[in-house]
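J.: What follows is work-v2.pdb, PDB, C-alpha atoms.
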```
ATOM      1  CA  HIS W   1       1.849  16.260  -8.955
ATOM      2  CA  TRP W   2      -0.500  17.393 -11.707
ATOM      3  CA  THR W   3      -2.759  19.360  -9.361
ATOM      4  CA  GLY W   4       0.074  21.033  -7.450
ATOM      5  CA  TRP W   5      -1.485  19.893  -4.163
ATOM      6  CA  ILE W   6       1.470  17.678  -3.287
ATOM      7  CA  GLU W   7       3.664  20.738  -2.853
ATOM      8  CA  HIS W   8       1.639  21.580   0.274
ATOM      9  CA  SER W   9       1.723  18.027   1.576
ATOM     10  CA  VAL W  10       3.933  16.000   3.859
ATOM     11  CA  LEU W  11       4.618  13.838   0.780
ATOM     12  CA  ALA W  12       6.680  16.687  -0.681
ATOM     13  CA  GLU W  13       9.015  16.555   2.302
ATOM     14  CA  LEU W  14      10.069  12.924   1.795
ATOM     15  CA  PRO W  15      12.213  13.443  -1.332
ATOM     16  CA  GLU W  16      13.789  16.577   0.132
ATOM     17  CA  THR W  17      14.588  14.841   3.417
ATOM     18  CA  LEU W  18      15.898  11.587   1.954
ATOM     19  CA  HIS W  19      17.737  12.853  -1.132
ATOM     20  CA  GLY W  20      21.274  11.472  -1.143
ATOM     21  CA  THR W  21      20.657   9.081   1.762
ATOM     22  CA  SER W  22      22.702   5.886   1.481
ATOM     23  CA  GLY W  23      24.316   3.130   3.509
ATOM     24  CA  SER W  24      23.148   2.521   7.058
ATOM     25  CA  ARG W  25      20.963   5.653   7.045
ATOM     26  CA  LEU W  26      19.084   4.294   4.036
ATOM     27  CA  VAL W  27      18.646   0.929   5.788
ATOM     28  CA  VAL W  28      17.220   2.697   8.856
ATOM     29  CA  ALA W  29      14.905   4.752   6.606
ATOM     30  CA  LEU W  30      13.695   1.585   4.868
ATOM     31  CA  ILE W  31      12.974  -0.125   8.177
ATOM     32  CA  ALA W  32      11.264   2.939   9.679
ATOM     33  CA  LEU W  33       9.304   4.017   6.593
ATOM     34  CA  ALA W  34       8.715   0.766   4.709
ATOM     35  CA  VAL W  35       8.934  -2.372   6.852
ATOM     36  CA  LEU W  36       7.445  -1.277  10.191
ATOM     37  CA  PRO W  37       4.512   0.716   8.772
ATOM     38  CA  ALA W  38       3.671  -2.069   6.317
ATOM     39  CA  VAL W  39       3.453  -4.671   9.068
ATOM     40  CA  ALA W  40       1.678  -2.517  11.672
ATOM     41  CA  GLU W  41      -0.772  -0.786   9.333
ATOM     42  CA  GLU W  42      -1.717  -3.994   7.525
ATOM     43  CA  MET W  43      -2.257  -5.852  10.791
ATOM     44  CA  LEU W  44      -4.573  -3.055  11.949
ATOM     45  CA  CYS W  45      -6.361  -2.074   8.735
ATOM     46  CA  ARG W  46      -6.559  -5.311   6.744
ATOM     47  CA  GLY W  47      -6.073  -7.840   9.529
ATOM     48  CA  TRP W  48      -8.430  -6.449  12.149
ATOM     49  CA  ILE W  49     -10.633  -3.639  10.759
ATOM     50  CA  GLN W  50     -11.248  -5.162   7.333
ATOM     51  CA  GLY W  51     -11.861  -8.571   8.874
ATOM     52  CA  VAL W  52     -14.532  -7.200  11.222
ATOM     53  CA  LEU W  53     -16.174  -5.078   8.523
ATOM     54  CA  VAL W  54     -16.201  -7.875   5.926
ATOM     55  CA  ARG W  55     -17.849 -10.288   8.377
ATOM     56  CA  ARG W  56     -20.441  -7.681   9.359
ATOM     57  CA  PHE W  57     -21.173  -5.826   6.088
ATOM     58  CA  GLY W  58     -19.669  -7.880   3.239
ATOM     59  CA  ALA W  59     -16.495  -7.689   1.170
ATOM     60  CA  ALA W  60     -17.071  -4.423  -0.717
ATOM     61  CA  ALA W  61     -18.033  -2.432   2.393
ATOM     62  CA  GLY W  62     -15.272  -4.042   4.446
ATOM     63  CA  ILE W  63     -12.576  -3.242   1.909
ATOM     64  CA  ALA W  64     -13.877   0.319   1.393
ATOM     65  CA  GLY W  65     -14.249   0.955   5.120
ATOM     66  CA  SER W  66     -10.760  -0.253   5.960
ATOM     67  CA  ALA W  67      -9.368   1.854   3.085
ATOM     68  CA  LEU W  68     -11.045   4.967   4.499
ATOM     69  CA  VAL W  69      -9.615   4.281   7.951
ATOM     70  CA  PHE W  70      -6.197   3.670   6.387
ATOM     71  CA  GLY W  71      -6.415   6.995   4.585
ATOM     72  CA  ALA W  72      -7.507   8.832   7.726
ATOM     73  CA  LEU W  73      -4.545   7.417   9.658
ATOM     74  CA  HIS W  74      -2.226   9.357   7.343
ATOM     75  CA  LEU W  75      -3.681  12.712   8.566
ATOM     76  CA  ASP W  76      -2.314  14.997   5.824
ATOM     77  CA  PRO W  77      -5.209  15.519   3.340
ATOM     78  CA  VAL W  78      -3.194  14.815   0.182
ATOM     79  CA  HIS W  79      -1.465  11.813   1.731
ATOM     80  CA  ALA W  80      -4.804  10.591   3.109
ATOM     81  CA  VAL W  81      -6.407  10.543  -0.353
ATOM     82  CA  ALA W  82      -3.436   8.688  -1.844
ATOM     83  CA  ALA W  83      -3.363   6.269   1.095
ATOM     84  CA  ALA W  84      -7.100   5.567   0.795
ATOM     85  CA  GLY W  85      -6.565   4.603  -2.849
ATOM     86  CA  LEU W  86      -3.678   2.368  -1.868
ATOM     87  CA  GLY W  87      -5.881   0.963   0.905
ATOM     88  CA  LEU W  88      -8.503  -0.140  -1.634
ATOM     89  CA  TYR W  89      -5.805  -1.952  -3.577
ATOM     90  CA  LEU W  90      -4.286  -3.548  -0.451
ATOM     91  CA  GLY W  91      -7.743  -4.540   0.783
ATOM     92  CA  LEU W  92      -8.470  -6.300  -2.484
ATOM     93  CA  VAL W  93      -5.104  -8.065  -2.376
ATOM     94  CA  ALA W  94      -5.707  -9.263   1.200
ATOM     95  CA  HIS W  95      -9.264 -10.330   0.427
ATOM     96  CA  TRP W  96      -8.361 -12.248  -2.705
ATOM     97  CA  ALA W  97      -5.357 -13.866  -1.042
ATOM     98  CA  GLY W  98      -7.266 -14.756   2.118
ATOM     99  CA  SER W  99      -4.260 -13.436   4.033
ATOM    100  CA  ILE W 100      -2.686 -10.113   4.964
ATOM    101  CA  VAL W 101       0.808 -11.361   4.080
ATOM    102  CA  PRO W 102       0.606 -10.357   0.385
ATOM    103  CA  ALA W 103      -0.825  -6.962   1.436
ATOM    104  CA  ILE W 104       2.097  -6.489   3.827
ATOM    105  CA  LEU W 105       4.523  -7.331   1.024
ATOM    106  CA  CYS W 106       2.804  -4.982  -1.461
ATOM    107  CA  HIS W 107       2.599  -2.192   1.120
ATOM    108  CA  GLY W 108       6.248  -2.645   2.059
ATOM    109  CA  LEU W 109       7.291  -2.675  -1.607
ATOM    110  CA  ASN W 110       5.296   0.501  -2.255
ATOM    111  CA  ASN W 111       6.908   2.301   0.679
ATOM    112  CA  ALA W 112      10.383   0.958  -0.106
ATOM    113  CA  ALA W 113      10.052   2.190  -3.698
ATOM    114  CA  ALA W 114       9.015   5.629  -2.416
ATOM    115  CA  VAL W 115      12.020   5.728  -0.071
ATOM    116  CA  GLY W 116      14.380   4.493  -2.793
ATOM    117  CA  PHE W 117      13.114   6.961  -5.397
ATOM    118  CA  ALA W 118      13.300   9.791  -2.857
ATOM    119  CA  ALA W 119      16.844   8.876  -1.841
ATOM    120  CA  GLN W 120      18.067   8.605  -5.430
ATOM    121  CA  LEU W 121      16.057  11.271  -7.241
ATOM    122  CA  GLY W 122      15.264  13.778  -4.512
ATOM    123  CA  PRO W 123      12.682  16.413  -5.416
ATOM    124  CA  SER W 124      12.408  15.075  -8.972
ATOM    125  CA  ALA W 125      11.014  11.769  -7.614
ATOM    126  CA  GLY W 126       7.411  11.131  -8.544
ATOM    127  CA  GLY W 127       5.498  12.127 -11.617
ATOM    128  CA  LEU W 128       4.415   9.957 -14.514
ATOM    129  CA  PRO W 129       7.415   7.539 -14.665
ATOM    130  CA  THR W 130       7.056   6.712 -10.973
ATOM    131  CA  LEU W 131       3.282   6.363 -11.301
ATOM    132  CA  LEU W 132       3.601   4.037 -14.299
ATOM    133  CA  GLY W 133       6.208   1.916 -12.522
ATOM    134  CA  ALA W 134       4.055   1.642  -9.415
ATOM    135  CA  ALA W 135       0.993   0.791 -11.494
ATOM    136  CA  ALA W 136       2.893  -1.974 -13.310
ATOM    137  CA  VAL W 137       4.004  -3.518 -10.007
ATOM    138  CA  ALA W 138       0.474  -3.205  -8.596
ATOM    139  CA  VAL W 139      -1.135  -4.873 -11.608
ATOM    140  CA  GLY W 140       1.492  -7.614 -11.533
ATOM    141  CA  ALA W 141       0.802  -8.299  -7.868
ATOM    142  CA  LEU W 142      -2.968  -8.451  -8.472
ATOM    143  CA  VAL W 143      -2.480 -10.879 -11.360
ATOM    144  CA  TRP W 144      -0.215 -13.041  -9.191
ATOM    145  CA  VAL W 145      -2.687 -13.071  -6.273
ATOM    146  CA  GLY W 146      -5.607 -13.703  -8.646
ATOM    147  CA  ARG W 147      -3.868 -16.683 -10.217
ATOM    148  CA  ARG W 148      -2.979 -18.148  -6.829
ATOM    149  CA  ARG W 149      -6.596 -17.692  -5.756
ATOM    150  CA  ALA W 150      -7.859 -19.418  -8.921
ATOM    151  CA  ARG W 151      -5.471 -22.358  -8.364
ATOM    152  CA  ARG W 152      -6.574 -22.608  -4.740
ATOM    153  CA  GLU W 153     -10.229 -22.706  -5.857
ATOM    154  CA  GLU W 154      -9.403 -25.390  -8.459
ATOM    155  CA  ILE W 155      -7.899 -27.570  -5.757
ATOM    156  CA  ASP W 156     -10.663 -26.907  -3.215
ATOM    157  CA  PRO W 157     -13.800 -25.471  -4.859
ATOM    158  CA  SER W 158     -15.605 -25.323  -1.492
ATOM    159  CA  GLY W 159     -12.995 -22.887  -0.135
ATOM    160  CA  SER W 160     -12.490 -24.902   3.033
TER     161      SER W 160
END
```
Would you mind writing the file out in structure tokens?

T.:
Amino acid sequence: HWTGWIEHSVLAELPETLHGTSGSRLVVALIALAVLPAVAEEMLCRGWIQGVLVRRFGAAAGIAGSALVFGALHLDPVHAVAAAGLGLYLGLVAHWAGSIVPAILCHGLNNAAAVGFAAQLGPSAGGLPTLLGAAAVAVGALVWVGRRRARREEIDPSGS
């Protein structure tokens, strides 16, 4: 938003397209834009690609590599950069959790929030309030996953 690049991005079309959407059309939008992509993209990027890269090159390279692939899958340059950043976050969540399920949930929540904001706020969706809200949810999810990981390590320090 601050650079003006988003105006030339596919991301700018979402609020315009979804503004005022409600009822069954909103449910369909949530399934198509939040649930299905979260499951499919996390299975591919964090479940398969990150798993292979982590085993071969280590955690940092695996998380970064899967994030770059995730970004590239989004094609539009502005969306790709944003998605790569989200991919780093989701990769860390999956790695810390030892499972892609929390990454699927975080990804789905991110997309559902974008759909919901777009449907309610239209072209005024986004900006600093949206960013701060998303950041708060993201930090909360990382704290939750980190605490669960710490408890798991307390119970079984060997990690087996």

J.: Step by step, work through what the PyMOL selection byres ((chain W and resi 38-53) around 12) selects in the shown file, and finish by giving those residues as a PyMOL selection string.

T.: chain W and resi 30-37+54-74+83-84+86-112

J.: Give the answer as one residue: which of W:Ser24, W:Ala135, W:Glu16, W:Ser9 has the shortest atom-to-atom distance to W:Pro123, using only C-alpha atoms?

T.: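 The shortest atom-to-atom distance to W:Pro123 comes from W:Glu16.
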
J.: Between atom CA of W:Leu18 and atom CA of W:Ala119, what is the distance, to one decimal in Å?

T.: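 Atom CA of W:Leu18 sits 4.8 Å away from atom CA of W:Ala119.
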
J.: Go ahead and compute the interatomic distance for atom CA of W:Pro77 and atom CA of W:Leu11, in Å to one decimal.

T.: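 Going from atom CA of W:Pro77 over to atom CA of W:Leu11, I get 10.3 Å.
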
J.: Just give me the gap between atom CA of W:Gln120 and atom CA of W:Val27 in Å, one decimal is fine.

T.: 13.6 Å

J.: Tell me which protein, DNA and RNA residues are within 7 Å of W:Ala118, counting all atoms listed in the file, leaving out same-chain ones fewer than 5 positions away, and put them as number ranges by chain.

T.: W: 14-15, 18-19, 125

J.: Work out where the centre of an axis-aligned box around every listed atom of stretch 140-147 of chain W lies and how long its edges are once 6 Å is added on each side; give both in Å to one decimal as lines of an AutoDock Vina configuration file.

T.:
```
center_x = -2.1
center_y = -12.1
center_z = -8.9
size_x = 19.1
size_y = 21.1
size_z = 17.3
```

J.: Nearest to W:Arg25 among W:Gly116, W:Ala134, W:Asp76, W:Gly122, with distances taken over only C-alpha atoms: which residue is it?

T.: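 Closest to W:Arg25 of all the choices is W:Gly116.
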
J.: So, with only C-alpha atoms as the atoms that count, which of W:Leu142, W:Ala80, W:Ala136, W:Val115 lies closest to W:Ser22?

T.: W:Val115
